[in-house]
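Here is work.cif, consisting of mmCIF, C-alpha atoms and all ligand atoms:
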data_work
loop_
_atom_site.label_atom_id
_atom_site.label_comp_id
_atom_site.auth_asym_id
_atom_site.auth_seq_id
_atom_site.Cartn_x
_atom_site.Cartn_y
_atom_site.Cartn_z
CA MET C 1 -5.02 -14.89 -12.20
CA SER C 2 -7.18 -12.56 -10.18
CA GLU C 3 -10.46 -13.68 -8.70
CA SER C 4 -13.55 -12.57 -10.49
CA LEU C 5 -15.07 -10.00 -8.16
CA ALA C 6 -17.86 -7.52 -8.68
CA PRO C 7 -16.34 -4.06 -9.23
CA THR C 8 -17.66 -1.00 -7.41
CA THR C 9 -19.45 1.41 -9.74
CA THR C 10 -16.80 4.08 -9.56
CA THR C 11 -13.81 1.82 -10.14
CA ALA C 12 -15.55 0.06 -13.01
CA ALA C 13 -16.22 3.40 -14.66
CA ARG C 14 -12.51 4.17 -14.53
CA GLY C 15 -11.58 1.36 -16.93
CA GLY C 16 -8.64 -0.73 -15.84
CA MET C 17 -5.84 -2.67 -17.47
CA ALA C 18 -6.80 -6.28 -16.88
CA ASP C 19 -4.75 -7.52 -19.83
CA PRO C 20 -1.16 -8.43 -18.81
CA ALA C 21 0.08 -7.91 -22.38
CA GLU C 22 -1.34 -4.39 -22.41
CA ARG C 23 0.40 -3.59 -19.11
CA GLN C 24 3.67 -4.99 -20.37
CA ARG C 25 3.40 -3.00 -23.60
CA LEU C 26 2.71 0.16 -21.64
CA MET C 27 5.88 -0.17 -19.59
CA SER C 28 8.12 -1.69 -22.26
CA GLY C 29 9.50 1.69 -23.31
CA VAL C 30 10.15 2.93 -19.77
CA ASP C 31 13.79 3.30 -18.70
CA GLU C 32 14.73 0.90 -15.95
CA GLU C 33 16.46 3.67 -14.05
CA PRO C 34 15.72 5.28 -10.68
CA GLY C 35 13.32 8.18 -11.22
CA SER C 36 12.39 7.23 -14.79
CA ALA C 37 9.51 9.02 -16.54
CA LYS C 38 6.27 7.04 -16.89
CA PRO C 39 3.81 7.24 -19.81
CA ASP C 40 0.97 8.49 -17.57
CA ALA C 41 2.21 9.14 -14.02
CA ILE C 42 -0.51 9.56 -11.40
CA LEU C 43 2.03 10.49 -8.69
CA LYS C 44 5.14 12.62 -9.22
CA VAL C 45 7.57 13.34 -6.40
CA ASP C 46 10.53 15.71 -6.39
CA ASN C 47 13.19 16.45 -3.82
CA ILE C 48 11.62 14.90 -0.75
CA VAL C 49 14.12 14.66 2.07
CA ARG C 50 13.36 13.71 5.67
CA GLN C 51 16.00 13.79 8.35
CA PHE C 52 15.66 12.62 11.94
CA GLY C 53 18.56 14.19 13.82
CA GLY C 54 21.63 13.03 11.92
CA ILE C 55 19.80 10.27 10.03
CA THR C 56 18.55 10.86 6.51
CA ALA C 57 15.55 8.53 6.42
CA VAL C 58 14.32 9.63 2.96
CA ASP C 59 16.14 11.35 0.12
CA VAL C 60 14.08 10.93 -3.05
CA GLY C 61 15.20 13.14 -5.95
CA HIS C 62 12.48 12.11 -8.39
CA LEU C 63 9.90 9.35 -8.57
CA GLU C 64 6.93 8.71 -10.82
CA VAL C 65 4.22 6.11 -10.28
CA GLN C 66 2.32 4.87 -13.32
CA ARG C 67 -1.47 5.13 -13.27
CA GLY C 68 -3.50 1.91 -13.33
CA LEU C 69 -0.73 -0.50 -12.36
CA ILE C 70 0.46 -2.30 -9.23
CA THR C 71 3.77 -0.79 -8.12
CA ALA C 72 5.72 -2.38 -5.28
CA LEU C 73 8.05 -0.34 -3.09
CA ILE C 74 10.65 -2.66 -1.64
CA GLY C 75 13.88 -2.30 0.32
CA PRO C 76 15.63 -3.56 3.44
CA ASN C 77 14.52 -2.69 6.96
CA GLY C 78 15.07 1.00 7.65
CA ALA C 79 15.26 1.91 3.93
CA GLY C 80 12.68 4.68 4.45
CA LYS C 81 9.60 3.13 2.86
CA THR C 82 7.14 3.86 5.68
CA THR C 83 8.56 7.35 6.20
CA PHE C 84 8.10 7.98 2.47
CA PHE C 85 4.45 6.83 2.67
CA ASN C 86 3.93 9.14 5.67
CA LEU C 87 5.44 12.09 3.82
CA ILE C 88 3.45 11.86 0.62
CA THR C 89 0.16 11.23 2.45
CA GLY C 90 0.55 14.31 4.65
CA PHE C 91 1.23 12.48 7.94
CA ASP C 92 4.77 13.86 8.14
CA ARG C 93 6.56 16.90 6.69
CA PRO C 94 9.71 16.75 4.59
CA THR C 95 12.78 18.53 5.94
CA THR C 96 12.86 20.11 2.48
CA ALA C 97 9.30 21.52 2.85
CA GLY C 98 9.43 25.01 1.36
CA LYS C 99 12.93 24.25 0.06
CA GLY C 100 12.18 22.49 -3.19
CA ALA C 101 10.11 19.52 -2.02
CA HIS C 102 7.25 19.06 -4.44
CA TRP C 103 4.79 16.30 -5.17
CA SER C 104 1.57 16.06 -7.09
CA PHE C 105 -1.20 13.49 -7.40
CA ASP C 106 -3.36 13.27 -10.50
CA GLY C 107 -2.23 16.75 -11.46
CA ALA C 108 -2.94 18.40 -8.07
CA THR C 109 -0.05 19.76 -6.00
CA LEU C 110 0.05 18.24 -2.52
CA ASP C 111 3.13 19.96 -1.02
CA ARG C 112 1.32 21.61 1.87
CA THR C 113 -1.77 19.45 2.06
CA SER C 114 -3.15 17.87 5.22
CA ALA C 115 -3.63 14.12 5.46
CA SER C 116 -7.41 14.37 5.13
CA ARG C 117 -7.13 16.55 2.01
CA VAL C 118 -4.64 14.13 0.48
CA ALA C 119 -7.19 11.37 1.04
CA LYS C 120 -9.94 13.51 -0.50
CA SER C 121 -7.76 14.00 -3.58
CA GLY C 122 -8.02 10.23 -4.10
CA MET C 123 -4.77 8.90 -2.61
CA VAL C 124 -5.78 6.72 0.31
CA ARG C 125 -3.66 4.52 2.54
CA THR C 126 -4.80 1.67 4.70
CA PHE C 127 -4.46 1.88 8.47
CA GLN C 128 -4.02 -0.76 11.05
CA LEU C 129 -6.89 -1.12 13.46
CA THR C 130 -6.19 1.12 16.44
CA LYS C 131 -7.54 0.17 19.86
CA ALA C 132 -10.50 2.50 19.37
CA LEU C 133 -11.35 0.98 16.00
CA SER C 134 -11.00 -2.56 17.35
CA ARG C 135 -13.74 -1.82 19.86
CA MET C 136 -16.12 -0.78 17.10
CA THR C 137 -18.07 -3.13 14.87
CA VAL C 138 -16.97 -4.06 11.38
CA MET C 139 -19.87 -2.03 9.96
CA ASP C 140 -19.02 1.08 12.00
CA ASN C 141 -15.45 0.86 10.73
CA MET C 142 -16.77 0.85 7.18
CA MET C 143 -19.09 3.79 7.75
CA LEU C 144 -16.18 5.82 9.06
CA GLY C 145 -14.03 4.82 6.11
CA ALA C 146 -16.30 6.85 3.90
CA GLN C 147 -15.05 9.95 5.68
CA ASN C 148 -11.43 9.62 4.69
CA GLN C 149 -10.22 9.80 8.23
CA GLU C 150 -8.13 7.55 10.36
CA GLY C 151 -7.28 6.53 13.89
CA GLU C 152 -8.73 8.37 16.85
CA LYS C 153 -10.33 11.07 14.71
CA LEU C 154 -12.58 8.37 13.32
CA ALA C 155 -13.82 7.44 16.76
CA LYS C 156 -14.66 11.07 17.57
CA SER C 157 -16.51 11.56 14.32
CA LEU C 158 -18.83 8.70 15.27
CA PHE C 159 -20.69 11.06 17.54
CA ARG C 160 -21.38 13.60 14.85
CA PRO C 161 -24.57 13.34 12.80
CA PHE C 162 -22.71 13.74 9.54
CA TRP C 163 -24.43 11.41 7.13
CA GLY C 164 -27.79 13.05 6.67
CA ASN C 165 -29.58 11.84 3.56
CA GLN C 166 -26.55 9.98 2.35
CA GLU C 167 -26.56 7.45 5.15
CA LYS C 168 -28.54 4.85 3.24
CA GLN C 169 -26.30 5.09 0.20
CA VAL C 170 -23.17 4.87 2.31
CA GLU C 171 -24.56 1.85 4.12
CA GLU C 172 -25.39 0.12 0.85
CA LYS C 173 -21.88 0.71 -0.35
CA ALA C 174 -20.44 -0.68 2.90
CA VAL C 175 -22.61 -3.79 2.57
CA SER C 176 -21.53 -4.35 -1.00
CA LEU C 177 -17.84 -3.99 -0.12
CA LEU C 178 -18.20 -6.29 2.89
CA GLU C 179 -19.86 -8.82 0.63
CA ARG C 180 -17.06 -8.53 -1.86
CA PHE C 181 -14.43 -9.03 0.85
CA LYS C 182 -16.40 -11.89 2.41
CA LEU C 183 -16.90 -10.05 5.68
CA LEU C 184 -20.63 -9.43 5.52
CA GLU C 185 -21.51 -12.04 8.12
CA LYS C 186 -19.05 -10.32 10.47
CA ARG C 187 -20.73 -6.91 10.12
CA THR C 188 -21.96 -6.78 13.72
CA ASP C 189 -18.80 -8.34 15.21
CA TYR C 190 -16.19 -6.17 16.88
CA ALA C 191 -13.34 -5.47 14.46
CA GLY C 192 -10.92 -6.57 17.18
CA SER C 193 -12.32 -10.11 17.03
CA LEU C 194 -11.25 -10.61 13.39
CA SER C 195 -8.27 -12.77 12.42
CA GLY C 196 -5.09 -11.08 11.13
CA GLY C 197 -6.09 -11.71 7.51
CA GLN C 198 -9.66 -10.53 8.01
CA ARG C 199 -8.34 -7.33 9.56
CA LYS C 200 -6.26 -6.71 6.45
CA LEU C 201 -9.36 -7.27 4.33
CA LEU C 202 -11.32 -4.82 6.49
CA GLU C 203 -8.54 -2.24 6.27
CA MET C 204 -8.66 -2.54 2.49
CA ALA C 205 -12.46 -2.51 2.33
CA ARG C 206 -12.59 0.56 4.59
CA ALA C 207 -10.11 2.43 2.39
CA LEU C 208 -12.29 1.65 -0.63
CA MET C 209 -15.31 3.37 0.94
CA SER C 210 -13.98 6.67 -0.41
CA ASP C 211 -13.43 5.34 -3.97
CA PRO C 212 -9.70 6.13 -4.09
CA LYS C 213 -7.89 6.60 -7.39
CA MET C 214 -4.81 5.10 -5.75
CA ILE C 215 -4.69 2.80 -2.75
CA MET C 216 -1.50 2.55 -0.71
CA LEU C 217 -0.95 -0.64 1.24
CA ASP C 218 1.79 -0.97 3.87
CA GLU C 219 2.69 -4.65 4.12
CA PRO C 220 -0.72 -6.02 3.16
CA MET C 221 0.37 -9.63 3.71
CA ALA C 222 1.99 -9.29 7.14
CA GLY C 223 0.40 -11.68 9.63
CA VAL C 224 -1.98 -13.17 7.07
CA ASN C 225 -2.48 -16.94 6.95
CA PRO C 226 -1.95 -18.83 3.67
CA ALA C 227 -5.66 -19.26 2.92
CA LEU C 228 -6.31 -15.53 3.08
CA THR C 229 -3.06 -14.64 1.31
CA GLN C 230 -4.57 -15.98 -1.91
CA SER C 231 -7.73 -14.02 -1.38
CA LEU C 232 -5.86 -10.78 -0.60
CA LEU C 233 -3.67 -11.15 -3.67
CA GLY C 234 -6.81 -11.67 -5.76
CA HIS C 235 -8.44 -8.56 -4.33
CA ILE C 236 -5.38 -6.40 -5.03
CA GLN C 237 -5.19 -7.62 -8.62
CA SER C 238 -8.93 -7.08 -9.11
CA LEU C 239 -8.63 -3.49 -7.92
CA ARG C 240 -5.91 -2.89 -10.49
CA ASP C 241 -7.92 -4.65 -13.20
CA GLU C 242 -10.82 -2.29 -12.50
CA GLY C 243 -8.69 0.85 -12.77
CA THR C 244 -7.43 1.59 -9.26
CA THR C 245 -3.71 2.34 -9.03
CA VAL C 246 -1.99 0.32 -6.29
CA LEU C 247 1.24 1.28 -4.50
CA PHE C 248 2.33 -1.18 -1.84
CA VAL C 249 5.21 -1.85 0.51
CA GLU C 250 5.97 -5.53 1.00
CA HIS C 251 8.87 -7.54 2.34
CA ASP C 252 7.94 -10.83 0.80
CA MET C 253 9.58 -11.26 -2.57
CA HIS C 254 7.20 -14.01 -3.70
CA VAL C 255 4.27 -11.69 -3.25
CA VAL C 256 6.11 -8.82 -4.94
CA ARG C 257 7.06 -10.98 -7.90
CA HIS C 258 3.59 -12.46 -8.20
CA ILE C 259 1.47 -9.31 -8.40
CA SER C 260 3.69 -6.31 -9.24
CA ASP C 261 3.72 -4.70 -12.66
CA TRP C 262 6.61 -2.49 -11.62
CA VAL C 263 9.03 -2.52 -8.70
CA VAL C 264 10.79 0.45 -7.08
CA VAL C 265 13.69 -0.30 -4.75
CA MET C 266 14.71 1.96 -1.86
CA ALA C 267 17.91 1.69 0.15
CA GLU C 268 19.16 4.18 2.71
CA GLY C 269 16.39 6.60 1.81
CA ARG C 270 17.13 6.71 -1.93
CA ILE C 271 15.55 5.06 -4.95
CA VAL C 272 18.30 2.72 -6.16
CA ALA C 273 16.53 0.73 -8.89
CA GLU C 274 13.27 0.42 -10.81
CA GLY C 275 11.86 -2.02 -13.31
CA PRO C 276 9.72 -5.12 -13.78
CA ALA C 277 10.15 -7.62 -10.91
CA ASP C 278 12.25 -10.08 -12.91
CA THR C 279 14.82 -7.52 -14.02
CA VAL C 280 14.96 -5.64 -10.74
CA MET C 281 15.60 -8.76 -8.72
CA SER C 282 18.60 -9.68 -10.83
CA ASN C 283 20.01 -6.13 -10.67
CA GLN C 284 23.35 -6.22 -8.84
CA ALA C 285 22.69 -2.95 -6.96
CA VAL C 286 19.50 -4.49 -5.59
CA ILE C 287 21.12 -7.78 -4.70
CA ASP C 288 23.84 -5.85 -2.87
CA ALA C 289 21.49 -3.43 -1.13
CA TYR C 290 18.66 -5.69 -0.23
CA LEU C 291 18.51 -9.22 -1.43
CA GLY C 292 22.02 -9.98 -0.23
CA ALA C 293 20.53 -10.27 3.21
CA HIS C 294 18.04 -12.82 1.92
CA HIS C 295 20.25 -14.87 -0.40
CA ASP C 296 18.55 -18.08 0.70
CA THR C 297 15.19 -16.81 -0.52
CA ASP C 298 13.99 -18.38 -3.74
CA LEU C 299 13.62 -15.39 -6.05
CA GLY C 300 13.15 -17.40 -9.23
CA SER C 301 9.89 -19.05 -8.43
CA ASP C 302 6.43 -17.73 -9.17
CA GLU C 303 4.64 -20.54 -7.37
CA VAL C 304 3.13 -18.27 -4.80
CA LEU C 305 -0.15 -20.09 -4.88
CA SER C 306 1.24 -23.49 -3.89
CA GLU C 307 0.70 -24.59 -0.29
CA GLU C 308 4.45 -24.85 0.22
CA SER C 309 5.14 -21.30 -0.96
CA LEU C 310 2.30 -19.91 1.08
CA THR C 311 3.64 -21.58 4.21
CA GLN C 312 7.07 -20.20 3.41
CA ILE C 313 5.65 -16.70 2.98
CA GLU C 314 3.92 -16.98 6.32
CA GLN C 315 7.09 -18.13 8.05
CA GLU C 316 9.22 -15.43 6.44
CA VAL C 317 6.80 -12.68 7.40
CA ALA C 318 6.54 -14.01 10.97
CA ALA C 319 10.34 -14.13 11.23
CA GLU C 320 10.66 -10.58 9.87
CA GLN C 321 8.08 -9.32 12.32
CA ALA C 322 9.73 -11.05 15.27
CA HIS C 323 13.06 -9.58 14.21
CA ARG C 324 11.64 -6.07 13.95
CA GLU C 325 9.87 -6.32 17.30
CA GLU C 326 13.16 -7.41 18.84
CA GLU C 327 14.93 -4.44 17.26
CA HIS C 328 12.30 -2.05 18.62
CA ARG C 329 12.65 -3.50 22.12
CA SER C 330 16.48 -3.19 22.15
N1 LIG D 1 10.07 9.10 14.17
C1 LIG D 1 11.35 8.75 13.93
N2 LIG D 1 12.35 9.21 14.68
C2 LIG D 1 13.64 8.88 14.45
N3 LIG D 1 14.02 8.07 13.44
C3 LIG D 1 13.07 7.55 12.66
C4 LIG D 1 11.68 7.86 12.86
N4 LIG D 1 10.95 7.22 11.90
C5 LIG D 1 11.85 6.52 11.16
N5 LIG D 1 13.11 6.73 11.61
C6 LIG D 1 14.34 6.18 11.02
O1 LIG D 1 14.29 6.41 9.63
C7 LIG D 1 14.82 5.32 8.90
C8 LIG D 1 13.78 4.80 7.93
O2 LIG D 1 12.75 4.13 8.64
P1 LIG D 1 11.44 3.54 7.97
O3 LIG D 1 10.60 2.95 9.05
O4 LIG D 1 10.83 4.56 7.09
O5 LIG D 1 12.05 2.40 7.06
P2 LIG D 1 11.28 1.19 6.35
O6 LIG D 1 11.92 1.02 5.02
O7 LIG D 1 9.82 1.42 6.38
O8 LIG D 1 11.68 -0.01 7.28
P3 LIG D 1 10.87 -1.36 7.59
O9 LIG D 1 10.89 -2.14 6.34
O10 LIG D 1 11.68 -1.97 8.67
O11 LIG D 1 9.49 -0.96 8.04
C9 LIG D 1 15.27 4.30 9.94
O12 LIG D 1 16.64 4.51 10.20
C10 LIG D 1 14.43 4.66 11.15
O13 LIG D 1 15.08 4.27 12.34
#

Once you've parsed the file, please lay out its structure as structure tokens.
Ligand SMILES: Nc1ncnc2c1ncn2[C@@H]1O[C@H](COP(=O)(O)OP(=O)(O)OP(=O)(O)O)[C@@H](O)[C@H]1O
Amino acid sequence: MSESLAPTTTTAARGGMADPAERQRLMSGVDEEPGSAKPDAILKVDNIVRQFGGITAVDVGHLEVQRGLITALIGPNGAGKTTFFNLITGFDRPTTAGKGAHWSFDGATLDRTSASRVAKSGMVRTFQLTKALSRMTVMDNMMLGAQNQEGEKLAKSLFRPFWGNQEKQVEEKAVSLLERFKLLEKRTDYAGSLSGGQRKLLEMARALMSDPKMIMLDEPMAGVNPALTQSLLGHIQSLRDEGTTVLFVEHDMHVVRHISDWVVVMAEGRIVAEGPADTVMSNQAVIDAYLGAHHDTDLGSDEVLSEESLTQIEQEVAAEQAHREEEHRS
């Protein structure tokens, strides 16, 4: 169950699907096949290929993401999930750019669109706190979030008098989001002083400053302690319930199973399976491609909110991170 949280005006006006039965009904007729058509797709992707030298990191023929739901993008390390996020948000260019690559968001073509224009169209991803952002206060981070920018560009824009008459409104919105994410008393603290979980909350709150139609979260639970895991899960579900589409990459299967309405599986750059979490996780292609490496993980349990499961999630994520850091070093 999601926490009861005050919706922002814009998301509330959108009208969400808080009823699980309604969500299930909506997707019940959808083929559980890679690239299946959705009843009301907010994102449609065709022929996106990205090669790095001889490696094909992404090779997605067709993908549709349903509006108003939580869709998880899962897959083993190196499957191409982050590269795919970078491509569709304008932070990287497909090798097939100009050669058949095409994607659209809420009806608007994004093939040649810059990252800031993608964000303005309503598809917003969260960003980790860069060094520059860590040295700014929580409130300053929020004010910059309203601009749909990221990283160093945000820091530069601080020096521009861009708000004009809107400043008060923007500030009120920041305060209300900080309140919602229980960060208001940290508003004057440096963002760098926040705990791992609080940083994730700030990243999410900052992304919401621009009222996105779809929020994209890259491993929202990584490095988050059990107490805040619950809170983050609640926030993600509330966003969906209010009408925001959520697309997230996550390694932890308990989290995926607990909050996803639909799961898309990538392996070696391709979409290899799609469906509701229960079905996807018993799909042999998925077990072979991904879960085979985690056969000791309990995939049958939905007890994500128990202390034991939360500790397990934390340990799994920490182990994954340590493993990836090791791989990067070698
Ligand atoms: N800038 C780059 N230069 C060269 N190769 C890259 C680059 N970015 C990604 N790759 C390669 O592309 C493939 C896909 O990587 P990507 O990070 O997108 O996978 P992922 O599914 O997000 O993995 P993880 O779950 O470990 O984050 C990997 O083989 C990776 O080494």

Requested in this report: With only C-alpha atoms and all ligand atoms counted, collect every polymer residue having an atom within 9 Å of ligand LIG 1 (chain D); state the result as JSON, numbers by chain.
Outcome: {"C": [50, 51, 52, 53, 55, 56, 57, 58, 74, 75, 76, 77, 78, 79, 80, 81, 82, 83, 84, 85, 86, 218, 219, 249, 250, 251, 266, 267, 268, 269, 320, 321, 324]}

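We find atom CA of Met17 of chain C and atom CA of Leu177 of chain C to be spaced 21.1 Å apart.
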
Query raised in the report: If you measure from atom CA of Lys99 of chain C to atom CA of Gly54 of chain C, what distance in Å do you get, rounded to one decimal?
Result: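 Atom-to-atom, atom CA of Lys99 of chain C and atom CA of Gly54 of chain C are spaced 18.5 Å apart.
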
Query raised in the report: When you draw a straight line from atom CA of Ala72 of chain C to atom CA of Met281 of chain C, how long is it in Å?
Result: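 Interatomic distance here is 12.3 Å.
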
Box in all listed atoms of segment 248-266 of chain C, axis-aligned, with 6 Å more on each side; write out centre and edge lengths in Å to one decimal as JSON.
{"center_x": 8.1, "center_y": -6.0, "center_z": -5.2, "size_x": 25.2, "size_y": 28.0, "size_z": 27.0}

Requested in this report: Go through C:Ser210, C:Ser193, C:Gln169, C:Ser176 and flag the residue nearest Ser121 of chain C, using only C-alpha atoms for the distances.
Outcome: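 The shortest atom-to-atom distance to Ser121 of chain C comes from C:Ser210.
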
Within 6 Å of segment 255-260 of chain C, counting all atoms listed in the file, which residues show up once you throw out same-chain ones fewer than 2 positions away? Write them as a short mmCIF file (atom, residue, chain, number, x, y, z; two decimals) with C-alpha atoms, in the coordinates of the input, please.
data_model
loop_
_atom_site.label_atom_id
_atom_site.label_comp_id
_atom_site.auth_asym_id
_atom_site.auth_seq_id
_atom_site.Cartn_x
_atom_site.Cartn_y
_atom_site.Cartn_z
CA ILE C 70 0.46 -2.30 -9.23
CA THR C 71 3.77 -0.79 -8.12
CA ALA C 72 5.72 -2.38 -5.28
CA ASP C 252 7.94 -10.83 0.80
CA MET C 253 9.58 -11.26 -2.57
CA TRP C 262 6.61 -2.49 -11.62
CA ALA C 277 10.15 -7.62 -10.91
#

Query raised in the report: At most 12 Å from (6.1, -3.1, -12.0), file frame, only C-alpha atoms: which residues, as a count of residues only?
Result: 44

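For the choices C:Ile215, C:Val60, C:Val224, C:Ile236, the atom-to-atom distance to Val118 of chain C is smallest for C:Ile215 when using all atoms listed in the file.
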
**Report entry** Residue nearest Thr95 of chain C among C:His323, C:Arg117, C:Asn283, C:Asp111 (counting all atoms listed in the file)
**Finding:**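 The closest residue to Thr95 of chain C is C:Asp111.
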
Query - Residues near Lys213 of chain C, cut-off 10 Å, all atoms listed in the file, skip fewer than 6 positions along chain, as a PyMOL selection string - result: chain C and resi 10-11+14+42+67-68+105-106+119-124+243-246

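Distance annotation: of C:Val170, C:Ala222, C:Asn141, C:His235, the residue with the minimal separation from Glu203 of chain C is C:Asn141; atom set is only C-alpha atoms.
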
Query - Among the residues C:Gly90, C:Leu232, C:Ala205, C:Gly29, the one that comes closest to Met143 of chain C [using all atoms listed in the file] - result: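 Between C:Gly90, C:Leu232, C:Ala205, C:Gly29, the residue approaching Met143 of chain C most closely is C:Ala205.
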
Query - Pick from C:Ala191, C:Ala37, C:Met204, C:Leu217, whichever lies nearest to Arg135 of chain C using all atoms listed in the file - result: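 Result for the nearest residue to Arg135 of chain C: C:Ala191.
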
Query raised in the report: Do you know which residues are at most 9 Å from Gly197 of chain C counting only C-alpha atoms, after dropping those on the same chain fewer than 6 positions away, and could you put them as a PyMOL selection string?
Result: chain C and resi 220-225+227-229+232
